[in-house]
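Content type mmCIF, C-alpha atoms, from the file entry.cif:
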data_protein
#
loop_
_atom_site.label_atom_id
_atom_site.label_comp_id
_atom_site.auth_asym_id
_atom_site.auth_seq_id
_atom_site.Cartn_x
_atom_site.Cartn_y
_atom_site.Cartn_z
CA MET A 631 -48.55 -4.88 0.41
CA THR A 632 -46.75 -4.88 3.71
CA THR A 633 -48.53 -5.60 6.95
CA LEU A 634 -49.25 -2.86 9.46
CA SER A 635 -46.89 -4.49 11.94
CA HIS A 636 -44.07 -4.38 9.39
CA GLN A 637 -44.82 -0.75 8.56
CA ILE A 638 -44.64 0.14 12.26
CA CYS A 639 -41.36 -1.76 12.49
CA LEU A 640 -39.91 0.22 9.58
CA VAL A 641 -41.10 3.53 11.05
CA LEU A 642 -39.41 2.85 14.37
CA LYS A 643 -36.32 1.24 12.86
CA PRO A 644 -34.14 4.38 12.78
CA LYS A 645 -34.57 4.80 16.54
CA ILE A 646 -34.85 1.31 17.95
CA ALA A 647 -33.22 -0.64 15.09
CA CYS A 648 -35.92 -3.32 15.21
CA ARG A 649 -34.30 -4.84 18.31
CA THR A 650 -36.98 -5.68 20.81
CA VAL A 651 -40.12 -7.80 20.87
CA PHE A 652 -42.72 -5.16 21.66
CA SER A 653 -45.98 -5.56 23.51
CA LYS A 654 -48.39 -3.09 25.06
CA SER A 655 -47.40 -4.01 28.56
CA ARG A 656 -43.66 -3.55 27.99
CA LEU A 657 -43.85 0.04 26.74
CA SER A 658 -43.45 2.52 29.59
CA GLY A 659 -45.15 5.90 29.41
CA ASP A 660 -41.86 7.75 29.06
CA PHE A 661 -40.76 5.53 26.24
CA LYS A 662 -44.07 5.97 24.40
CA ALA A 663 -43.82 9.71 24.77
CA SER A 664 -40.22 9.83 23.56
CA LEU A 665 -41.16 7.94 20.40
CA GLY A 666 -44.47 9.72 19.92
CA VAL A 667 -46.43 6.44 19.90
CA SER A 668 -50.08 6.98 19.17
CA HIS A 669 -52.96 4.65 20.04
CA GLY A 670 -52.96 3.19 16.54
CA MET A 671 -49.20 2.61 16.66
CA LYS A 672 -49.55 0.87 20.03
CA ARG A 673 -51.97 -1.54 18.40
CA GLY A 674 -49.41 -2.12 15.65
CA LEU A 675 -46.73 -2.82 18.24
CA GLY A 676 -49.03 -5.33 19.83
CA ARG A 677 -49.44 -6.99 16.46
CA ILE A 678 -45.68 -7.28 16.11
CA SER A 679 -45.55 -9.10 19.43
CA SER A 680 -48.50 -11.34 18.64
CA THR A 681 -47.08 -12.18 15.23
CA TYR A 682 -43.90 -13.39 16.83
CA VAL A 683 -45.79 -15.39 19.43
CA SER A 684 -47.88 -17.10 16.75
CA ASP A 685 -44.69 -17.97 14.86
CA THR A 686 -43.28 -19.56 18.00
CA ARG A 687 -46.37 -21.66 18.62
CA SER A 688 -46.73 -22.82 15.03
CA GLY A 689 -43.10 -23.78 14.65
CA ASN A 690 -42.50 -21.17 11.97
CA ILE A 691 -38.93 -20.79 10.78
CA ASN A 692 -38.91 -17.28 12.25
CA ALA A 693 -39.52 -18.69 15.74
CA ASN A 694 -35.79 -18.71 16.34
CA ARG A 695 -35.44 -15.10 15.33
CA PRO A 696 -36.71 -13.14 18.33
CA GLY A 697 -36.72 -9.39 18.16
CA PHE A 698 -38.30 -8.77 14.76
CA CYS A 699 -41.70 -8.81 13.14
CA GLN A 700 -42.55 -11.63 10.78
CA SER A 701 -41.90 -9.60 7.63
CA CYS A 702 -38.42 -8.41 8.57
CA HIS A 703 -36.76 -11.86 8.48
CA HIS A 704 -33.61 -10.55 10.19
CA GLU A 705 -31.28 -12.97 11.86
CA ASN A 706 -31.26 -13.23 15.63
CA ALA A 707 -27.62 -12.22 15.66
CA SER A 708 -28.44 -8.79 14.22
CA ILE A 709 -29.74 -7.70 17.63
CA THR A 710 -26.26 -7.88 19.07
CA LEU A 711 -24.63 -6.59 15.91
CA ARG A 712 -26.65 -3.39 15.80
CA ARG A 713 -25.71 -2.65 19.36
CA ARG A 714 -22.01 -3.40 18.82
CA PHE A 715 -21.70 -1.78 15.39
CA PRO A 716 -24.21 1.09 15.15
CA ASN A 717 -22.25 2.81 12.37
CA TYR A 718 -22.17 -0.08 9.91
CA SER A 719 -24.56 -0.48 7.01
CA ASP A 720 -27.57 -2.78 7.10
CA ILE A 721 -26.14 -4.75 4.15
CA GLY A 722 -22.90 -5.56 5.98
CA ILE A 723 -24.79 -6.53 9.14
CA ARG A 724 -27.19 -8.83 7.25
CA GLU A 725 -24.29 -10.54 5.42
CA TYR A 726 -22.39 -10.85 8.69
CA ALA A 727 -25.40 -12.35 10.48
CA SER A 728 -25.90 -14.93 7.74
CA LEU A 729 -22.41 -16.39 8.15
CA PRO A 730 -22.54 -19.98 9.42
CA GLU A 731 -19.59 -19.36 11.73
CA LEU A 732 -21.65 -16.87 13.73
CA LYS A 733 -24.14 -19.53 14.76
CA GLN A 734 -21.32 -21.86 15.71
CA ASP A 735 -19.73 -19.17 17.87
CA ALA A 736 -22.97 -18.81 19.81
CA THR A 737 -23.21 -22.51 20.57
CA GLN A 738 -19.60 -23.45 21.19
CA LYS A 739 -18.47 -23.75 24.77
CA LEU A 740 -15.32 -22.05 25.89
CA GLU A 741 -12.49 -24.48 26.44
CA LYS A 742 -9.77 -24.08 29.00
CA VAL A 743 -6.57 -22.97 27.31
CA GLY A 744 -3.22 -23.78 28.85
CA PRO A 745 -0.20 -21.51 28.82
CA VAL A 746 0.91 -20.47 25.34
CA GLN A 747 4.28 -21.87 24.29
CA LEU A 748 6.37 -19.21 22.57
CA THR A 749 8.09 -20.12 19.33
CA LEU A 750 11.79 -19.46 18.85
CA PRO A 751 11.21 -16.24 16.83
CA GLN A 752 8.75 -15.00 19.48
CA LYS A 753 11.31 -15.65 22.21
CA PHE A 754 13.89 -13.82 20.10
CA VAL A 755 11.68 -10.72 19.91
CA LYS A 756 10.72 -10.94 23.57
CA ASP A 757 14.39 -10.93 24.61
CA PHE A 758 14.96 -7.58 22.92
CA PRO A 759 14.67 -4.35 24.98
CA PRO A 760 11.00 -3.26 25.15
CA ARG A 761 11.59 -0.09 23.15
CA PHE A 762 12.75 -2.12 20.11
CA GLN A 763 10.09 -4.85 20.25
CA PRO A 764 7.35 -2.85 18.44
CA TYR A 765 9.63 -2.34 15.44
CA LEU A 766 10.38 -6.05 15.22
CA LYS A 767 6.69 -6.87 15.53
CA LEU A 768 5.87 -4.31 12.86
CA SER A 769 8.10 -6.32 10.51
CA ARG A 770 6.61 -9.62 11.80
CA ILE A 771 10.00 -10.94 12.91
CA ASP A 772 8.08 -13.02 15.44
CA ARG A 773 6.06 -14.64 12.63
CA PRO A 774 8.57 -15.72 9.96
CA ILE A 775 6.23 -17.81 7.79
CA GLY A 776 5.72 -14.85 5.44
CA THR A 777 9.46 -14.70 4.81
CA TRP A 778 9.45 -18.35 3.74
CA LEU A 779 6.44 -17.79 1.47
CA LEU A 780 8.36 -14.98 -0.21
CA PHE A 781 11.65 -16.91 -0.36
CA TRP A 782 10.43 -20.26 -1.70
CA PRO A 783 9.27 -18.98 -5.14
CA SER A 784 12.69 -17.35 -5.53
CA THR A 785 14.35 -20.73 -5.03
CA TRP A 786 12.06 -22.20 -7.69
CA GLY A 787 13.26 -19.67 -10.24
CA LEU A 788 16.90 -19.95 -9.24
CA THR A 789 16.91 -23.75 -9.28
CA VAL A 790 15.09 -24.23 -12.60
CA ALA A 791 17.05 -21.46 -14.34
CA SER A 792 20.35 -22.86 -13.05
CA GLY A 793 19.53 -26.39 -14.20
CA GLY A 794 20.42 -27.79 -10.79
CA LEU A 795 21.83 -26.50 -7.53
CA PRO A 796 21.72 -22.68 -7.60
CA ASP A 797 24.66 -20.46 -6.75
CA LEU A 798 24.93 -20.28 -2.95
CA LYS A 799 25.80 -16.58 -3.02
CA LEU A 800 22.64 -15.81 -4.97
CA LEU A 801 20.65 -18.03 -2.63
CA ALA A 802 21.94 -16.09 0.38
CA LEU A 803 21.17 -12.74 -1.28
CA PHE A 804 17.64 -13.85 -2.08
CA GLY A 805 17.14 -15.11 1.48
CA ALA A 806 18.26 -11.78 2.92
CA GLY A 807 16.12 -9.90 0.42
CA ALA A 808 13.04 -11.96 1.27
CA PHE A 809 13.58 -11.31 4.99
CA VAL A 810 13.96 -7.54 4.55
CA MET A 811 11.23 -7.02 1.94
CA ARG A 812 8.71 -9.10 3.85
CA GLY A 813 9.28 -6.80 6.83
CA ALA A 814 8.95 -3.73 4.62
CA GLY A 815 5.74 -5.08 3.09
CA CYS A 816 4.21 -5.69 6.51
CA THR A 817 5.19 -2.18 7.55
CA VAL A 818 3.48 -0.68 4.48
CA ASN A 819 0.41 -2.84 5.10
CA ASP A 820 0.10 -1.69 8.72
CA MET A 821 0.57 1.95 7.72
CA TRP A 822 -2.34 1.65 5.30
CA ASP A 823 -4.51 -0.27 7.80
CA ARG A 824 -3.76 1.68 10.98
CA HIS A 825 -7.41 2.78 11.22
CA ILE A 826 -8.82 -0.65 10.32
CA ASP A 827 -6.64 -2.96 12.42
CA PRO A 828 -8.02 -1.72 15.78
CA LYS A 829 -11.49 -2.92 14.70
CA VAL A 830 -10.30 -6.46 13.90
CA LYS A 831 -9.67 -8.79 16.83
CA ARG A 832 -6.70 -10.56 15.23
CA THR A 833 -4.86 -7.35 14.35
CA SER A 834 -5.84 -5.03 17.19
CA ASP A 835 -2.53 -5.54 19.03
CA ARG A 836 -0.29 -4.58 16.10
CA PRO A 837 2.13 -1.75 16.96
CA LEU A 838 0.44 0.99 14.91
CA ALA A 839 -3.08 -0.15 15.76
CA SER A 840 -2.33 -0.25 19.49
CA ARG A 841 -0.43 3.09 19.36
CA GLN A 842 2.86 1.55 20.44
CA LEU A 843 4.35 3.33 17.42
CA ARG A 844 3.31 6.40 15.46
CA MET A 845 3.40 6.99 11.73
CA ARG A 846 6.69 8.88 11.88
CA HIS A 847 8.32 5.90 13.60
CA ALA A 848 6.94 3.50 11.01
CA THR A 849 8.09 5.76 8.16
CA VAL A 850 11.66 5.88 9.45
CA TRP A 851 11.67 2.13 10.00
CA LEU A 852 10.32 1.54 6.49
CA GLY A 853 13.06 3.75 5.04
CA ALA A 854 15.71 1.77 6.91
CA GLN A 855 14.41 -1.54 5.56
CA LEU A 856 14.17 -0.28 1.99
CA SER A 857 17.74 1.04 2.24
CA VAL A 858 18.98 -2.42 3.18
CA ALA A 859 16.95 -3.95 0.34
CA PHE A 860 18.47 -1.45 -2.10
CA GLY A 861 21.95 -2.48 -0.94
CA ILE A 862 21.11 -6.11 -1.67
CA LEU A 863 19.82 -5.23 -5.15
CA LEU A 864 23.13 -3.59 -6.01
CA HIS A 865 24.67 -7.08 -6.00
CA LEU A 866 22.28 -8.25 -8.75
CA ASN A 867 22.06 -7.43 -12.46
CA PRO A 868 19.97 -4.57 -13.96
CA SER A 869 17.09 -6.85 -14.96
CA CYS A 870 16.67 -7.93 -11.35
CA PHE A 871 16.67 -4.29 -10.30
CA LEU A 872 13.95 -3.46 -12.83
CA ILE A 873 11.67 -6.31 -11.75
CA SER A 874 12.18 -5.47 -8.08
CA CYS A 875 11.10 -1.87 -8.64
CA GLY A 876 7.88 -3.13 -10.22
CA ALA A 877 7.34 -5.49 -7.29
CA LEU A 878 7.77 -2.58 -4.87
CA GLY A 879 4.82 -0.85 -6.55
CA LEU A 880 2.70 -3.97 -5.99
CA VAL A 881 3.78 -4.04 -2.33
CA CYS A 882 2.45 -0.52 -1.88
CA LEU A 883 -0.80 -1.22 -3.76
CA TYR A 884 -1.70 -4.55 -2.13
CA PRO A 885 -3.32 -3.03 1.01
CA LEU A 886 -5.46 -0.85 -1.28
CA ALA A 887 -6.75 -3.87 -3.24
CA LYS A 888 -9.04 -5.12 -0.45
CA ARG A 889 -10.78 -1.74 -0.44
CA VAL A 890 -11.75 -1.90 -4.12
CA THR A 891 -11.94 -5.58 -5.10
CA TYR A 892 -12.76 -9.05 -3.79
CA TRP A 893 -9.42 -10.32 -5.18
CA PRO A 894 -6.64 -8.88 -3.00
CA GLN A 895 -5.19 -12.38 -2.77
CA ALA A 896 -4.51 -12.24 -6.52
CA VAL A 897 -2.57 -9.00 -6.05
CA LEU A 898 -0.65 -10.67 -3.22
CA GLY A 899 0.14 -13.57 -5.54
CA LEU A 900 1.53 -11.20 -8.18
CA THR A 901 3.68 -9.60 -5.47
CA PHE A 902 4.93 -12.61 -3.52
CA ASN A 903 5.93 -14.61 -6.58
CA THR A 904 8.00 -12.01 -8.43
CA GLY A 905 10.94 -13.90 -6.90
CA VAL A 906 10.46 -16.46 -9.70
CA LEU A 907 11.09 -13.77 -12.32
CA ILE A 908 13.99 -12.26 -10.37
CA GLY A 909 15.50 -15.73 -9.88
CA PHE A 910 15.43 -16.44 -13.63
CA ALA A 911 16.95 -13.06 -14.38
CA ALA A 912 19.69 -13.51 -11.76
CA ALA A 913 20.64 -17.01 -12.92
CA ASN A 914 20.78 -15.96 -16.60
CA PRO A 915 22.74 -12.69 -16.74
CA THR A 916 22.87 -12.67 -20.54
CA GLN A 917 20.98 -9.43 -21.22
CA THR A 918 22.42 -7.04 -23.80
CA GLY A 919 20.63 -3.96 -22.47
CA PHE A 920 18.91 -2.62 -19.37
CA PHE A 921 15.39 -3.48 -20.57
CA ASP A 922 16.19 -6.86 -22.05
CA VAL A 923 14.06 -9.62 -20.49
CA PRO A 924 15.58 -13.05 -21.27
CA TYR A 925 13.69 -14.69 -18.39
CA LEU A 926 10.33 -14.60 -20.20
CA ASP A 927 10.20 -18.23 -21.28
CA VAL A 928 7.40 -20.77 -20.82
CA ALA A 929 8.99 -22.51 -17.82
CA CYS A 930 9.47 -19.19 -16.00
CA LEU A 931 5.93 -17.95 -16.67
CA SER A 932 4.45 -21.34 -15.75
CA LEU A 933 6.25 -21.27 -12.40
CA TYR A 934 5.11 -17.69 -11.81
CA PHE A 935 1.49 -18.55 -12.63
CA SER A 936 1.57 -21.63 -10.38
CA GLY A 937 2.93 -19.45 -7.56
CA ILE A 938 0.03 -17.02 -7.97
CA LEU A 939 -2.43 -19.92 -7.77
CA TRP A 940 -0.66 -21.26 -4.68
CA THR A 941 -0.99 -17.85 -3.01
CA LEU A 942 -4.71 -17.78 -3.86
CA ILE A 943 -5.08 -21.16 -2.17
CA TYR A 944 -3.29 -20.54 1.11
CA ASP A 945 -4.33 -16.90 1.54
CA THR A 946 -8.00 -17.68 0.89
CA ILE A 947 -7.82 -20.25 3.67
CA TYR A 948 -6.05 -17.68 5.85
CA ALA A 949 -8.65 -14.99 5.03
CA HIS A 950 -11.49 -17.06 6.47
CA GLN A 951 -10.42 -16.20 10.01
CA ASP A 952 -11.18 -12.52 9.27
CA LEU A 953 -14.36 -13.24 7.34
CA LYS A 954 -16.75 -11.70 9.85
CA ASP A 955 -14.64 -8.60 10.45
CA ASP A 956 -14.07 -8.06 6.72
CA THR A 957 -17.80 -8.31 6.13
CA LEU A 958 -18.63 -5.68 8.71
CA LEU A 959 -15.86 -3.35 7.56
CA GLY A 960 -16.76 -3.77 3.88
CA LEU A 961 -13.32 -5.13 2.94
CA GLY A 962 -12.98 -7.51 0.02
CA SER A 963 -11.39 -10.94 0.07
CA THR A 964 -11.66 -14.17 -1.86
CA ALA A 965 -13.07 -15.75 1.29
CA ARG A 966 -16.06 -13.39 1.01
CA ARG A 967 -16.25 -13.80 -2.75
CA PHE A 968 -16.27 -17.61 -2.71
CA GLY A 969 -18.39 -18.06 0.42
CA GLU A 970 -19.77 -21.57 0.70
CA ASN A 971 -18.14 -22.51 -2.62
CA THR A 972 -14.61 -21.99 -1.26
CA LYS A 973 -13.65 -25.68 -1.47
CA LEU A 974 -14.80 -25.87 -5.08
CA TRP A 975 -12.73 -22.81 -6.03
CA LEU A 976 -9.66 -24.04 -4.15
CA THR A 977 -9.91 -27.43 -5.82
CA GLY A 978 -9.95 -25.72 -9.22
CA PHE A 979 -6.96 -23.56 -8.29
CA SER A 980 -5.10 -26.67 -7.12
CA GLY A 981 -5.71 -28.44 -10.42
CA LEU A 982 -4.51 -25.42 -12.40
CA MET A 983 -1.46 -25.10 -10.17
CA MET A 984 -0.42 -28.69 -10.72
CA THR A 985 -0.96 -28.37 -14.47
CA SER A 986 1.19 -25.24 -14.53
CA LEU A 987 3.95 -26.89 -12.47
CA ALA A 988 3.95 -29.89 -14.81
CA THR A 989 4.17 -27.55 -17.82
CA ALA A 990 7.18 -25.84 -16.27
CA GLY A 991 8.83 -29.23 -15.76
CA VAL A 992 8.27 -30.22 -19.39
CA TYR A 993 9.70 -27.01 -20.84
CA ALA A 994 12.61 -27.00 -18.39
CA ASP A 995 13.32 -30.65 -19.28
CA LEU A 996 13.23 -31.79 -15.64
CA SER A 997 13.63 -35.47 -14.74
CA TRP A 998 11.25 -37.91 -13.07
CA PRO A 999 11.97 -37.00 -9.39
CA TYR A 1000 10.36 -33.62 -10.08
CA TYR A 1001 7.09 -35.25 -11.16
CA LEU A 1002 7.23 -37.63 -8.21
CA GLY A 1003 7.44 -34.55 -5.99
CA LEU A 1004 4.39 -33.10 -7.75
CA CYS A 1005 2.38 -36.13 -6.61
CA GLY A 1006 3.23 -35.27 -3.01
CA VAL A 1007 2.28 -31.64 -3.61
CA SER A 1008 -1.09 -32.73 -5.03
CA ALA A 1009 -1.82 -34.87 -1.98
CA HIS A 1010 -0.89 -32.01 0.34
CA LEU A 1011 -3.16 -29.54 -1.46
CA LEU A 1012 -6.09 -31.96 -1.31
CA TRP A 1013 -5.47 -32.44 2.40
CA GLN A 1014 -5.48 -28.67 2.93
CA VAL A 1015 -8.71 -28.20 1.02
#

Could you render the structure as structure tokens?
Amino acid sequence: MTTLSHQICLVLKPKIACRTVFSKSRLSGDFKASLGVSHGMKRGLGRISSTYVSDTRSGNINANRPGFCQSCHHENASITLRRRFPNYSDIGIREYASLPELKQDATQKLEKVGPVQLTLPQKFVKDFPPRFQPYLKLSRIDRPIGTWLLFWPSTWGLTVASGGLPDLKLLALFGAGAFVMRGAGCTVNDMWDRHIDPKVKRTSDRPLASRQLRMRHATVWLGAQLSVAFGILLHLNPSCFLISCGALGLVCLYPLAKRVTYWPQAVLGLTFNTGVLIGFAAANPTQTGFFDVPYLDVACLSLYFSGILWTLIYDTIYAHQDLKDDTLLGLGSTARRFGENTKLWLTGFSGLMMTSLATAGVYADLSWPYYLGLCGVSAHLLWQV
């Protein structure tokens, strides 16, 4: 049976959202009239206040949670959250308020930040005429790390399938393809998230979110990038073309994944590491028909699986910076799914990744320098975790 003070709190919650420590003296006549507070309810409000006071004096755990009756057990941070985000659900706000980072944010002091040093890609974008800069930012030309993350798995497939140094022409084609398709993927992602990005601090200045570009501009720009990618594919064999078309479907579906599952990073892994499959197909043009798939051997699949695990590792770490915003917006991520067990999950993924890489080395008959390199990879993963 709930206490009278808690019942009063629940009655008033739709209007005042359980925000204030009430007492008889603090309620003005106009406020009482607007809420229709009767004499009995005023006594209940007084109980809410006295309950909180008694918690403070007795050292109760709720003493640090001002603004709620004893039975509510809401976090102190929810006061601010309900004011900032009145349209979000109670479940999202409670999960948000329970995040340990929120308490750290409240206690950390602001540090003086010096002038930001622009990287070479950022300077490159800044030197362009202002009217072209939003298009380059839409493709993340100023942040090229995604291009490398897309290109590296391709080099794995090319190198292992070639049995040594891959063909330099193929390497150049894959580099250009990674650059163009990464930009196209970012464009698709921002088109999907144009209504979400303005609500997230990290993404609020993106061209579509900040209205520097409109959807018609992004659509034309996406078409231009896909046209260039299609021209690159024409230089590869039919198997590469087939795999790339499947990867394009994953590119379009990835932004949807975070709306329906906690595992969008797994979808990203499937997408970013198709370069392994394309690399094997490009280095072994021995197919006898359009749908022949000679690249499906153990070494190829082991490399592909290890790439997916690698993506889960680095993108889970990356997703933690948006943890609070994703919680409020109801978006899924492995950072939300793993929570406080993130290190345990990442350690497991790292072990599976190294096992898969070693399996690929065995089936590809690689020599000892490869396994020596795996030791360095293991140390790096442990350091990241």

Once 6 Å is added on each side, what centre and edge lengths in Å to one decimal does the axis-aligned box around all listed atoms of stretch 966-974 of chain A have, as JSON?
{"center_x": -16.7, "center_y": -19.6, "center_z": -2.0, "size_x": 18.1, "size_y": 24.5, "size_z": 18.1}

In Å, how far is it from atom CA of A:Asp835 to atom CA of A:Tyr765? 13.1 Å

Picked residues, the PyMOL selection byres ((chain A and resi 953) around 9), as a list in words: Tyr726, Leu729, Ala949, His950, Gln951, Asp952, Lys954, Asp955, Asp956, Thr957, Leu958, Ser963, Ala965 and Arg966 of chain A

When you look at stretch 874-880 of chain A with a cut-off of 12 Å (counting all atoms listed in the file), what residues show up, excluding the ones that are within fewer than 5 positions of it in the same chain? I need them as number ranges by chain. A: 780, 804, 807-808, 811-812, 814-815, 818-819, 856, 859-860, 862-864, 866-869, 885-887, 894-909, 911-912

Leaving out stretch 745-757 of chain A and any residue of its chain fewer than 4 positions from it, which residues lie within 9 Å of it when counting all atoms listed in the file, given as number ranges by chain? A: 762-763, 766-767, 771-774

Can you tell me, as a PyMOL selection string, which residues sit within 7 Å of (13.8, -20.8, -17.2) in the file's frame, using all atoms listed in the file? chain A and resi 790-791+910+925+927+929-930+994

So which one's closest to A:Val858, A:Gly813, A:Gly960, A:Pro837, A:Gly787? Using only C-alpha atoms, please. A:Gly813

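Straight-line separation from atom CA of A:Cys1005 to atom CA of A:Tyr948: 23.8 Å.
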
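The interatomic distance for the pair atom CA of A:Gly776 and atom CA of A:Leu996 works out to 28.1 Å.
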
Ground truth for the PyMOL selection byres ((chain A and resi 976) around 9), written as a list in words: Leu942, Ile943, Tyr944, Thr946, Ile947, Asn971, Thr972, Lys973, Leu974, Trp975, Thr977, Gly978, Phe979, Ser980, Gly981, Leu1011 and Val1015 of chain A

Output file for the selection above: C-alpha atoms, as a PDB file, in the frame of the given file:
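The resulting file, again-v2.pdb, is reproduced below:
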ATOM      1  CA  LEU A 942      -4.710 -17.780  -3.860  1.00  0.00           C
ATOM      2  CA  ILE A 943      -5.080 -21.160  -2.170  1.00  0.00           C
ATOM      3  CA  TYR A 944      -3.290 -20.540   1.110  1.00  0.00           C
ATOM      4  CA  THR A 946      -8.000 -17.680   0.890  1.00  0.00           C
ATOM      5  CA  ILE A 947      -7.820 -20.250   3.670  1.00  0.00           C
ATOM      6  CA  ASN A 971     -18.140 -22.510  -2.620  1.00  0.00           C
ATOM      7  CA  THR A 972     -14.610 -21.990  -1.260  1.00  0.00           C
ATOM      8  CA  LYS A 973     -13.650 -25.680  -1.470  1.00  0.00           C
ATOM      9  CA  LEU A 974     -14.800 -25.870  -5.080  1.00  0.00           C
ATOM     10  CA  TRP A 975     -12.730 -22.810  -6.030  1.00  0.00           C
ATOM     11  CA  THR A 977      -9.910 -27.430  -5.820  1.00  0.00           C
ATOM     12  CA  GLY A 978      -9.950 -25.720  -9.220  1.00  0.00           C
ATOM     13  CA  PHE A 979      -6.960 -23.560  -8.290  1.00  0.00           C
ATOM     14  CA  SER A 980      -5.100 -26.670  -7.120  1.00  0.00           C
ATOM     15  CA  GLY A 981      -5.710 -28.440 -10.420  1.00  0.00           C
ATOM     16  CA  LEU A1011      -3.160 -29.540  -1.460  1.00  0.00           C
ATOM     17  CA  VAL A1015      -8.710 -28.200   1.020  1.00  0.00           C
TER      18      VAL A1015
END

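Candidate residues A:Trp851, A:Tyr993, A:Trp940, A:Trp782 were compared for distance to A:Thr817, and the nearest is A:Trp851, using all atoms listed in the file.
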
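Among the candidate residues A:Leu1004, A:Val992, A:Leu779, A:Val890, the one lying nearest to A:Gly962 is A:Val890, with distances computed using all atoms listed in the file.
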
What do you get, as a list in words, if you spell out every residue that the PyMOL selection byres ((chain A and resi 933) around 7) selects here? Val906, Ala929, Cys930, Leu931, Ser932, Tyr934, Phe935, Ser936, Gly937, Ser986, Leu987 and Ala990 of chain A

Considering only C-alpha atoms, state which residue in the set A:Phe809, A:Asp820, A:His865, A:Arg846 is at the smallest distance from A:Ser834. A:Asp820

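Remark: for A:Leu852, the closest of the candidate residues A:Lys829, A:Trp893, A:Leu939, A:Cys882 is A:Cys882 (distances computed over all atoms listed in the file).
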
Minimum-distance residue to A:Arg889, chosen among A:Leu1012, A:Leu800, A:Leu959, A:Leu1002 (using all atoms listed in the file): A:Leu959
